[in-house]
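Quick look at entry_5.cif (mmCIF, C-alpha atoms):
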data_final
loop_
_atom_site.label_atom_id
_atom_site.label_comp_id
_atom_site.auth_asym_id
_atom_site.auth_seq_id
_atom_site.Cartn_x
_atom_site.Cartn_y
_atom_site.Cartn_z
CA MET A 13 -47.04 38.20 -35.99
CA SER A 14 -49.42 40.00 -33.60
CA ASP A 15 -49.32 39.63 -29.80
CA PHE A 16 -52.72 37.98 -30.02
CA SER A 17 -51.40 35.41 -32.54
CA VAL A 18 -48.46 34.56 -30.26
CA LEU A 19 -50.75 34.07 -27.27
CA ARG A 20 -53.22 32.00 -29.31
CA GLN A 21 -50.45 29.67 -30.46
CA LYS A 22 -49.10 29.29 -26.93
CA ALA A 23 -52.61 28.31 -25.88
CA GLY A 24 -52.48 25.58 -28.54
CA LEU A 25 -55.59 26.81 -30.32
CA SER A 26 -56.39 27.11 -34.00
CA VAL A 27 -58.20 30.26 -35.15
CA PRO A 28 -61.58 28.43 -35.36
CA GLU A 29 -61.04 26.95 -31.86
CA ALA A 30 -60.12 30.37 -30.44
CA ALA A 31 -63.22 31.91 -32.03
CA GLU A 32 -65.48 29.27 -30.50
CA LEU A 33 -63.93 29.40 -27.02
CA LEU A 34 -63.79 33.21 -26.91
CA GLY A 35 -67.32 33.64 -28.28
CA TYR A 36 -66.43 35.66 -31.40
CA ASN A 37 -66.76 34.95 -35.11
CA GLU A 38 -63.68 33.85 -37.04
CA ARG A 39 -63.54 37.05 -39.08
CA GLN A 40 -63.04 39.10 -35.92
CA VAL A 41 -60.39 36.70 -34.66
CA TYR A 42 -58.53 36.99 -37.97
CA ARG A 43 -58.50 40.78 -37.52
CA TRP A 44 -56.78 40.32 -34.15
CA GLU A 45 -54.52 37.72 -35.72
CA SER A 46 -53.30 40.12 -38.42
CA GLY A 47 -53.01 43.07 -36.04
CA GLU A 48 -55.74 44.98 -37.86
CA ASN A 49 -57.68 45.25 -34.58
CA ILE A 50 -56.54 44.94 -30.96
CA PRO A 51 -58.70 42.73 -28.71
CA ARG A 52 -60.03 43.97 -25.38
CA LYS A 53 -58.18 43.00 -22.23
CA VAL A 54 -60.97 40.63 -21.19
CA VAL A 55 -60.29 38.64 -24.37
CA THR A 56 -56.53 38.38 -23.81
CA ASP A 57 -57.09 37.55 -20.12
CA LYS A 58 -59.36 34.66 -21.09
CA LEU A 59 -56.84 33.45 -23.66
CA GLU A 60 -54.05 33.64 -21.09
CA ALA A 61 -56.18 31.59 -18.67
CA LEU A 62 -56.67 28.97 -21.38
CA ARG A 63 -52.92 28.92 -22.00
CA LEU A 64 -52.16 28.38 -18.31
CA GLN A 65 -54.81 25.65 -18.11
CA ARG A 66 -53.24 23.90 -21.10
CA CYS A 67 -49.76 24.19 -19.59
CA ALA A 68 -50.97 22.74 -16.30
CA GLY A 69 -52.58 19.82 -18.10
CA ALA A 70 -49.50 19.22 -20.16
CA ALA A 71 -47.26 19.35 -17.10
CA ALA A 72 -49.33 16.66 -15.42
CA ASP A 73 -48.63 14.26 -18.26
CA ALA A 74 -45.32 15.68 -19.44
CA HIS A 75 -42.18 13.74 -20.05
CA SER A 76 -43.44 10.27 -19.18
CA PHE A 77 -40.59 8.88 -21.31
CA THR A 78 -37.56 10.11 -23.25
CA PHE A 79 -36.68 9.71 -26.92
CA ILE A 80 -33.99 10.65 -29.44
CA ASP A 81 -34.61 11.98 -32.94
CA LEU A 82 -32.17 10.69 -35.59
CA PHE A 83 -32.19 11.87 -39.22
CA ALA A 84 -34.61 14.34 -37.72
CA GLY A 85 -35.31 16.55 -40.74
CA ILE A 86 -37.75 19.17 -39.46
CA GLY A 87 -39.12 17.02 -36.66
CA GLY A 88 -41.98 15.13 -38.27
CA LEU A 89 -41.50 11.93 -36.27
CA ARG A 90 -40.90 13.93 -33.14
CA ARG A 91 -44.28 15.63 -33.30
CA GLY A 92 -46.08 12.34 -32.76
CA PHE A 93 -44.06 11.52 -29.65
CA ASP A 94 -44.17 15.02 -28.20
CA ALA A 95 -47.95 14.66 -28.41
CA ILE A 96 -48.01 11.56 -26.18
CA GLY A 97 -45.85 12.97 -23.39
CA GLY A 98 -42.34 12.13 -24.56
CA LYS A 99 -39.30 14.39 -24.11
CA CYS A 100 -36.73 14.70 -26.88
CA ILE A 101 -33.25 14.67 -25.33
CA PHE A 102 -31.06 14.30 -28.43
CA THR A 103 -31.36 15.34 -32.08
CA CYS A 104 -29.21 14.48 -35.10
CA GLU A 105 -29.69 16.16 -38.48
CA TRP A 106 -26.93 16.97 -40.97
CA ASP A 107 -28.67 19.50 -43.25
CA LYS A 108 -28.09 23.07 -42.02
CA HIS A 109 -31.33 24.40 -43.51
CA SER A 110 -33.36 21.68 -41.80
CA GLN A 111 -31.54 22.52 -38.57
CA THR A 112 -32.72 26.12 -38.94
CA THR A 113 -36.36 25.05 -39.26
CA TYR A 114 -36.01 22.51 -36.45
CA ARG A 115 -34.58 25.09 -34.03
CA ALA A 116 -37.27 27.61 -34.95
CA ASN A 117 -40.01 25.13 -34.02
CA TYR A 118 -38.37 23.61 -30.95
CA PRO A 119 -36.69 26.64 -29.33
CA ASP A 120 -36.95 25.25 -25.80
CA ASP A 121 -34.71 22.24 -26.44
CA GLU A 122 -31.89 22.03 -23.92
CA HIS A 123 -29.61 20.13 -26.31
CA GLU A 124 -27.72 21.11 -29.44
CA ILE A 125 -28.34 19.44 -32.81
CA TRP A 126 -25.65 16.96 -33.78
CA ASP A 127 -24.91 17.11 -37.50
CA ASP A 128 -23.19 14.03 -38.99
CA ILE A 129 -24.26 10.72 -37.47
CA ARG A 130 -21.16 9.04 -38.89
CA ASP A 131 -19.03 11.10 -36.50
CA LEU A 132 -21.23 10.28 -33.53
CA LYS A 133 -19.94 7.82 -30.95
CA ALA A 134 -22.73 5.61 -29.66
CA GLU A 135 -21.54 6.04 -26.07
CA ASP A 136 -22.06 9.81 -26.40
CA VAL A 137 -25.78 9.38 -27.08
CA PRO A 138 -27.76 9.84 -23.86
CA ASP A 139 -29.73 6.90 -22.46
CA HIS A 140 -33.27 6.98 -23.80
CA ASP A 141 -36.50 5.00 -23.86
CA VAL A 142 -37.41 5.31 -27.55
CA LEU A 143 -35.31 5.81 -30.69
CA LEU A 144 -36.85 7.53 -33.72
CA ALA A 145 -35.21 7.45 -37.13
CA GLY A 146 -36.47 8.36 -40.58
CA PHE A 147 -33.26 7.20 -42.23
CA PRO A 148 -32.53 8.40 -45.80
CA CYS A 149 -34.98 6.94 -48.28
CA GLN A 150 -33.41 7.99 -51.60
CA PRO A 151 -31.24 4.84 -51.92
CA PHE A 152 -34.41 2.71 -51.76
CA SER A 153 -37.15 4.84 -53.37
CA LEU A 154 -38.43 4.01 -56.84
CA ALA A 155 -37.47 7.46 -58.12
CA GLY A 156 -34.07 7.33 -56.45
CA VAL A 157 -33.24 3.87 -57.75
CA SER A 158 -34.34 4.77 -61.29
CA LYS A 159 -32.21 7.91 -61.28
CA LYS A 160 -29.15 6.14 -59.92
CA ASN A 161 -29.54 3.32 -62.44
CA ALA A 162 -29.74 5.87 -65.26
CA LEU A 163 -26.57 7.54 -64.00
CA GLY A 164 -24.80 4.23 -63.38
CA ARG A 165 -24.60 4.88 -59.63
CA ALA A 166 -25.01 2.49 -56.73
CA HIS A 167 -28.21 2.41 -54.70
CA GLY A 168 -29.49 0.68 -51.59
CA PHE A 169 -26.77 -0.51 -49.21
CA ALA A 170 -24.24 -0.13 -52.05
CA CYS A 171 -24.79 3.64 -51.85
CA GLU A 172 -22.02 4.52 -49.41
CA THR A 173 -23.19 8.07 -48.77
CA GLN A 174 -26.74 7.22 -47.66
CA GLY A 175 -27.57 3.54 -47.89
CA THR A 176 -25.21 2.43 -45.14
CA LEU A 177 -26.54 4.95 -42.61
CA PHE A 178 -28.94 2.27 -41.38
CA PHE A 179 -25.95 0.62 -39.74
CA ASP A 180 -25.37 3.76 -37.68
CA ILE A 181 -28.83 3.15 -36.23
CA GLN A 182 -27.76 -0.42 -35.54
CA ARG A 183 -24.68 0.56 -33.55
CA ILE A 184 -26.63 3.07 -31.44
CA ILE A 185 -29.37 0.56 -30.64
CA GLU A 186 -26.76 -2.07 -29.86
CA LYS A 187 -25.00 0.25 -27.40
CA LYS A 188 -27.96 2.03 -25.76
CA ARG A 189 -30.62 -0.74 -25.88
CA PRO A 190 -33.72 1.52 -25.92
CA LYS A 191 -37.03 0.00 -24.87
CA ALA A 192 -38.50 0.66 -28.30
CA PHE A 193 -37.85 2.24 -31.67
CA LEU A 194 -39.77 3.57 -34.66
CA LEU A 195 -38.12 3.58 -38.08
CA GLU A 196 -39.73 5.08 -41.20
CA ASN A 197 -38.88 4.76 -44.88
CA VAL A 198 -40.39 4.53 -48.36
CA LYS A 199 -42.68 1.68 -49.31
CA ASN A 200 -40.15 0.38 -51.86
CA LEU A 201 -37.77 -0.54 -49.04
CA VAL A 202 -39.66 -3.84 -48.80
CA ASN A 203 -39.05 -4.76 -52.45
CA HIS A 204 -35.69 -3.13 -53.05
CA ASP A 205 -33.09 -5.50 -54.53
CA LYS A 206 -35.74 -8.26 -54.75
CA GLY A 207 -36.37 -8.09 -51.01
CA ARG A 208 -32.76 -8.64 -49.99
CA THR A 209 -32.33 -5.16 -48.49
CA PHE A 210 -35.33 -5.55 -46.21
CA ALA A 211 -34.23 -9.07 -45.28
CA VAL A 212 -30.91 -7.64 -44.06
CA ILE A 213 -32.70 -4.96 -42.01
CA LYS A 214 -35.00 -7.53 -40.39
CA ASP A 215 -32.08 -9.83 -39.64
CA VAL A 216 -30.19 -7.00 -37.95
CA LEU A 217 -33.15 -5.86 -35.85
CA GLU A 218 -34.52 -9.27 -34.90
CA ASN A 219 -31.59 -11.68 -34.85
CA GLN A 220 -28.56 -9.50 -34.20
CA LEU A 221 -30.16 -6.94 -31.87
CA GLY A 222 -32.89 -9.21 -30.45
CA TYR A 223 -35.89 -6.91 -30.87
CA THR A 224 -39.46 -7.98 -31.65
CA ILE A 225 -40.61 -5.98 -34.65
CA GLN A 226 -43.85 -5.18 -36.46
CA CYS A 227 -44.09 -3.49 -39.87
CA LYS A 228 -46.94 -1.65 -41.56
CA ILE A 229 -47.27 0.33 -44.78
CA LEU A 230 -49.55 3.31 -44.18
CA ASP A 231 -51.05 5.67 -46.76
CA ALA A 232 -51.32 9.27 -45.60
CA LYS A 233 -54.57 9.78 -47.51
CA SER A 234 -56.46 8.30 -44.58
CA TRP A 235 -55.57 11.50 -42.70
CA LEU A 236 -54.43 13.99 -45.34
CA PRO A 237 -55.33 14.83 -48.98
CA GLN A 238 -52.20 13.15 -50.28
CA HIS A 239 -51.38 9.67 -51.57
CA ARG A 240 -48.18 8.92 -49.65
CA GLU A 241 -47.26 5.34 -48.75
CA ARG A 242 -44.53 4.78 -46.18
CA ILE A 243 -43.38 1.81 -44.14
CA PHE A 244 -43.28 2.08 -40.35
CA ILE A 245 -41.13 -0.39 -38.42
CA VAL A 246 -41.81 -0.65 -34.69
CA GLY A 247 -39.54 -2.63 -32.41
CA PHE A 248 -39.63 -3.51 -28.71
CA ARG A 249 -36.73 -4.90 -26.73
CA GLU A 250 -39.06 -7.47 -25.20
CA SER A 251 -42.27 -8.85 -26.66
CA GLN A 252 -44.98 -6.50 -25.37
CA GLY A 253 -47.94 -7.73 -27.38
CA PHE A 254 -47.83 -4.69 -29.66
CA SER A 255 -49.61 -5.25 -32.97
CA PHE A 256 -50.39 -3.03 -35.93
CA GLU A 257 -53.63 -4.99 -36.21
CA ASP A 258 -54.92 -2.77 -33.39
CA LEU A 259 -54.28 0.45 -35.30
CA GLN A 260 -57.48 2.35 -36.10
CA ILE A 261 -57.03 3.73 -39.63
CA PRO A 262 -59.64 6.22 -40.92
CA ASP A 263 -61.54 5.22 -44.05
CA VAL A 264 -59.51 6.43 -47.05
CA LEU A 265 -62.74 7.02 -48.97
CA LYS A 266 -63.76 9.56 -46.33
CA GLY A 267 -60.41 11.30 -46.14
CA PRO A 268 -60.02 15.07 -46.54
CA LYS A 269 -59.75 16.82 -49.91
CA LEU A 270 -57.22 19.38 -51.06
CA LYS A 271 -59.61 22.24 -50.32
CA THR A 272 -58.96 21.66 -46.61
CA ILE A 273 -55.30 22.67 -46.95
CA LEU A 274 -55.53 25.37 -49.64
CA HIS A 275 -55.61 29.10 -48.96
CA PRO A 276 -59.31 30.01 -49.30
CA GLU A 277 -58.54 33.42 -50.87
CA THR A 278 -61.87 34.74 -49.56
CA GLY A 279 -60.74 36.92 -46.68
CA SER A 280 -61.58 34.22 -44.13
CA GLU A 281 -57.86 33.61 -43.61
CA ALA A 282 -55.48 36.41 -42.62
CA PRO A 283 -52.81 37.25 -45.22
CA GLU A 284 -49.42 35.66 -44.60
CA LYS A 285 -46.59 37.18 -46.58
CA PRO A 286 -44.78 36.03 -48.66
CA PHE A 287 -47.31 33.25 -49.36
CA THR A 288 -50.48 35.33 -49.57
CA ASP A 289 -51.21 39.04 -49.72
CA GLY A 290 -53.98 41.59 -50.22
CA ASN A 291 -57.10 42.01 -48.10
CA ILE A 292 -58.49 38.58 -48.99
CA GLY A 293 -55.27 36.58 -48.59
CA ARG A 294 -54.81 35.99 -52.31
CA VAL A 295 -52.04 33.54 -53.18
CA SER A 296 -48.97 35.43 -54.36
CA ASP A 297 -48.52 35.58 -58.15
CA LYS A 298 -45.07 34.02 -57.88
CA TYR A 299 -46.67 30.59 -57.34
CA THR A 300 -48.54 30.71 -60.68
CA LEU A 301 -46.66 28.95 -63.50
CA THR A 302 -45.29 31.16 -66.23
CA ASP A 303 -46.59 30.70 -69.78
CA LYS A 304 -43.23 29.23 -70.78
CA LEU A 305 -43.09 26.65 -67.98
CA TRP A 306 -46.76 25.65 -68.40
CA ALA A 307 -46.26 25.16 -72.15
CA TYR A 308 -43.14 23.09 -71.51
CA LEU A 309 -44.88 20.80 -68.99
CA GLN A 310 -47.81 20.20 -71.35
CA ALA A 311 -45.49 19.40 -74.28
CA TYR A 312 -43.39 17.11 -72.05
CA ALA A 313 -46.49 15.20 -70.95
CA LEU A 314 -47.72 14.77 -74.53
CA LYS A 315 -44.31 13.52 -75.64
CA HIS A 316 -44.20 10.81 -72.99
CA LYS A 317 -47.85 9.88 -73.46
CA ALA A 318 -47.16 9.26 -77.15
CA ALA A 319 -44.23 7.06 -76.15
CA GLY A 320 -46.43 5.06 -73.78
CA ASN A 321 -44.82 6.42 -70.62
CA GLY A 322 -46.66 7.68 -67.58
CA PHE A 323 -44.59 10.79 -67.01
CA GLY A 324 -46.38 14.10 -66.79
CA PHE A 325 -47.71 16.77 -64.50
CA GLY A 326 -50.42 16.26 -61.91
CA LEU A 327 -53.25 18.80 -62.15
CA PHE A 328 -55.75 18.83 -59.28
CA THR A 329 -58.89 20.66 -58.27
CA PRO A 330 -59.73 21.51 -54.64
CA GLU A 331 -61.88 18.35 -54.54
CA GLY A 332 -58.93 16.11 -55.41
CA ILE A 333 -56.26 14.10 -53.60
CA ALA A 334 -52.67 15.02 -54.40
CA ARG A 335 -49.82 12.83 -55.53
CA THR A 336 -46.89 12.31 -53.19
CA LEU A 337 -45.12 15.56 -52.37
CA SER A 338 -41.42 15.03 -53.12
CA ALA A 339 -38.21 16.91 -52.36
CA ARG A 340 -37.95 17.91 -56.03
CA TYR A 341 -41.13 19.97 -55.81
CA HIS A 342 -39.04 23.13 -55.77
CA LYS A 343 -37.94 22.54 -59.39
CA ASP A 344 -41.25 23.05 -61.19
CA GLY A 345 -44.02 21.80 -58.89
CA SER A 346 -45.22 19.51 -61.65
CA GLU A 347 -46.39 16.61 -59.47
CA ILE A 348 -48.98 18.76 -57.66
CA LEU A 349 -50.41 21.68 -59.62
CA ILE A 350 -53.59 23.41 -58.51
CA SER A 351 -56.09 24.19 -61.25
CA ARG A 352 -57.24 27.82 -61.22
CA GLY A 353 -59.95 27.53 -63.91
CA ASP A 354 -61.06 30.23 -66.36
CA GLY A 355 -58.15 29.45 -68.68
CA ARG A 356 -55.58 30.63 -66.13
CA ASN A 357 -52.27 28.84 -65.66
CA PRO A 358 -52.19 26.49 -62.67
CA ARG A 359 -50.11 27.24 -59.60
CA ARG A 360 -47.80 25.48 -57.18
CA LEU A 361 -48.70 24.90 -53.58
CA THR A 362 -47.29 27.51 -51.22
CA PRO A 363 -44.93 26.29 -48.47
CA ARG A 364 -47.72 26.93 -45.95
CA GLU A 365 -50.04 24.65 -47.92
CA CYS A 366 -47.26 22.05 -47.96
CA ALA A 367 -47.05 22.31 -44.16
CA ARG A 368 -50.78 21.54 -44.02
CA LEU A 369 -50.52 18.82 -46.67
CA MET A 370 -47.94 17.04 -44.48
CA GLY A 371 -49.91 17.61 -41.26
CA PHE A 372 -47.49 20.02 -39.58
CA ASP A 373 -50.36 22.51 -39.57
CA GLY A 374 -54.05 21.75 -39.44
CA PRO A 375 -56.55 23.22 -41.95
CA GLY A 376 -56.47 27.00 -41.76
CA GLU A 377 -53.50 27.03 -39.37
CA ASN A 378 -50.12 28.69 -39.75
CA ASN A 379 -48.44 27.71 -36.48
CA PHE A 380 -45.45 25.83 -37.92
CA ARG A 381 -42.60 28.27 -38.46
CA ILE A 382 -41.03 28.36 -41.93
CA PRO A 383 -37.84 30.44 -41.57
CA VAL A 384 -36.15 29.26 -44.79
CA SER A 385 -36.49 29.98 -48.52
CA ASP A 386 -39.28 28.41 -50.57
CA THR A 387 -36.73 26.09 -52.20
CA GLN A 388 -35.54 24.75 -48.86
CA ALA A 389 -39.08 24.57 -47.46
CA TYR A 390 -40.25 22.45 -50.40
CA ARG A 391 -37.28 20.11 -49.94
CA GLN A 392 -37.92 19.80 -46.22
CA PHE A 393 -41.63 19.05 -46.46
CA GLY A 394 -41.06 16.68 -49.39
CA ASN A 395 -38.53 14.72 -47.37
CA SER A 396 -40.65 14.60 -44.23
CA VAL A 397 -43.37 12.34 -42.86
CA ALA A 398 -47.14 12.57 -42.69
CA VAL A 399 -47.49 13.79 -39.12
CA PRO A 400 -51.02 12.40 -38.41
CA ALA A 401 -49.85 8.91 -39.43
CA VAL A 402 -46.92 9.19 -37.00
CA LYS A 403 -49.24 10.39 -34.24
CA ALA A 404 -51.50 7.38 -34.81
CA VAL A 405 -48.55 4.99 -34.50
CA ALA A 406 -47.24 6.84 -31.44
CA GLU A 407 -50.64 6.57 -29.72
CA LEU A 408 -50.66 2.84 -30.44
CA MET A 409 -47.15 2.46 -28.99
CA LYS A 410 -47.73 4.62 -25.90
CA PRO A 411 -49.32 2.08 -23.51
CA TYR A 412 -46.65 -0.48 -24.36
CA ILE A 413 -43.86 2.05 -23.75
CA LEU A 414 -45.36 3.03 -20.38
CA ASP A 415 -46.16 -0.57 -19.39
CA TYR A 416 -42.54 -1.43 -20.10
CA GLN A 417 -41.38 1.37 -17.82
CA ALA A 418 -43.70 0.21 -15.03
CA PHE A 419 -42.39 -3.35 -15.38
CA GLU A 420 -38.76 -2.20 -15.20
CA GLU A 421 -39.50 -0.10 -12.12
CA VAL A 422 -40.88 -3.16 -10.33
CA VAL A 423 -37.76 -5.14 -11.27
CA ARG A 424 -35.49 -2.36 -9.95
CA LYS A 425 -37.32 -2.23 -6.64
CA ARG A 426 -37.05 -5.99 -6.21
CA ALA A 427 -33.32 -6.03 -7.03
#
Written form, structure tokens:
Amino acid sequence: MSDFSVLRQKAGLSVPEAAELLGYNERQVYRWESGENIPRKVVTDKLEALRLQRCAGAAADAHSFTFIDLFAGIGGLRRGFDAIGGKCIFTCEWDKHSQTTYRANYPDDEHEIWDDIRDLKAEDVPDHDVLLAGFPCQPFSLAGVSKKNALGRAHGFACETQGTLFFDIQRIIEKKRPKAFLLENVKNLVNHDKGRTFAVIKDVLENQLGYTIQCKILDAKSWLPQHRERIFIVGFRESQGFSFEDLQIPDVLKGPKLKTILHPETGSEAPEKPFTDGNIGRVSDKYTLTDKLWAYLQAYALKHKAAGNGFGFGLFTPEGIARTLSARYHKDGSEILISRGDGRNPRRLTPRECARLMGFDGPGENNFRIPVSDTQAYRQFGNSVAVPAVKAVAELMKPYILDYQAFEEVVRKRA
């Protein structure tokens, strides 16, 4: 990574934004980005001034509330609450590879990452304003339930390894009484076990813990070129008037297409090894399916089509909208294959494209650090959240979080 690239990222600018603000074309900026050319001092001085200006603006609005990040993964929920002025003061994530990615992207954290929430005493969690938790979804997802049924294994709350982790959230909320929380899970949570699972969750949050909750299923394709439905559960300790009815959701029919997150392979984007190489940033050959795997996937799809099943690969053009990216993507990439035309075998998405597909990076960006293998990166992005959807919910929650703080401050002064 060039010195220019580091400075640009610290300034919080994408390559197109840097080009516009600095008065150069994007091609020149990409040359600085890759280290092919070195910018003049006047350019770096201007970029440094923009960085300082951004830092000053951020400091003015920084840390207006605190939050904790449970089942943190690689920090997808966190990104929405960092963006509205929150400060993360505690993180819990058991997977060591996800911890590696989390640390790489949040190096300034003053706290260590706790691993197993089951070993965590609620009294050891710091006091906080907001609790975030994307608790494990596999016990409740359609794919997870089908697999466990086929193997004769328990799912939902009967799954002792993952399903009961919701109750660890319960004991932390019960002890620390945060002002608000945001929980995220798969859409099927609502219907799992004929609705009984969700009924238990609502009973715990509303009746046992005394929070006012609102729920909304959001589809990421309003913000990203991916069909990804997830349920968001927002709770406030006191009724604040929060309502998902006030959420402004972009028109899904006008949502972005896959071409916005794909490597252009035209030279307009700097090469990023090991994902792309060559002078024009061509996607590495390792992401193209072998003849053997492509033949297998086609035969598999035909077999299930003849049997009346819907199983098969998903082949998409740059003008399409992808299926849901899952944690199994590392196996064969079959749910999202990119057509290459001209009789060529399709290819998988690169991890960088997955970062963009999930909203960790914007179109054309490569700011999110991916320090792990492709296998682990695919698992991490497939298990994560659609960041723009989280940011939208966080923005909706923000005034109610801050109003709550102002109210409590008045009460303290009167006491």
Worksheet item: Using all atoms listed in the file, which residue out of A:Ile184, A:Leu89, A:Leu82, A:Ala401 lies closest to Asp136 in chain A?
Response: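 That would be A:Ile184, the residue with the smallest distance to Asp136 in chain A.
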Worksheet entry | the PyMOL selection byres ((chain A and resi 286) around 10) resolved against shown file, as a VMD selection string | chain A and resid 283 to 285 287 to 289 295 to 296 298 362 to 364 386
Would you tabulate, counting all atoms listed in the file, all residues of range 305-396 of chain A that have an atom at most 12 Å from an atom of range 19-32 of chain A, showing the closest pair of atoms and their distance in Å to one decimal, sorted by chain then ascending number, as a tab-separated table?
residue	atom	partner	partner_atom	distance
A:Asp373	CA	A:Ser26	CA	9.4
A:Gly374	CA	A:Ser26	CA	8.0
A:Pro375	CA	A:Ser26	CA	8.9
A:Gly376	CA	A:Val27	CA	7.6
A:Glu377	CA	A:Ser26	CA	6.1
A:Asn378	CA	A:Ser26	CA	8.7
A:Asn379	CA	A:Gln21	CA	6.6
A:Phe380	CA	A:Gln21	CA	9.8
A:Arg381	CA	A:Gln21	CA	11.3
Discussion item. The PyMOL selection byres ((chain A and resi 349-352) around 10) - which residues does that actually catch in the file I just gave you? List them as a list in words.
Written reply: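 With the shown file as input, the PyMOL selection byres ((chain A and resi 349-352) around 10) matches Leu270, Leu274, Tyr299, Thr300, Leu301, Phe325, Gly326, Leu327, Phe328, Thr329, Pro330, Gly332, Ala334, Arg335, Asp344, Gly345, Ser346, Glu347, Ile348, Gly353, Asp354, Gly355, Arg356, Asn357, Pro358, Arg359, Arg360 and Leu361 of chain A.
In this comparison, which uses only C-alpha atoms, the residue of A:Gly146, A:Pro119, A:Pro138, A:Pro276 approaching Ala84 in chain A most closely is A:Gly146.
The gap separating CA of Tyr390 in chain A from CA of Arg340 in chain A is 7.6 Å, in Å to one decimal.
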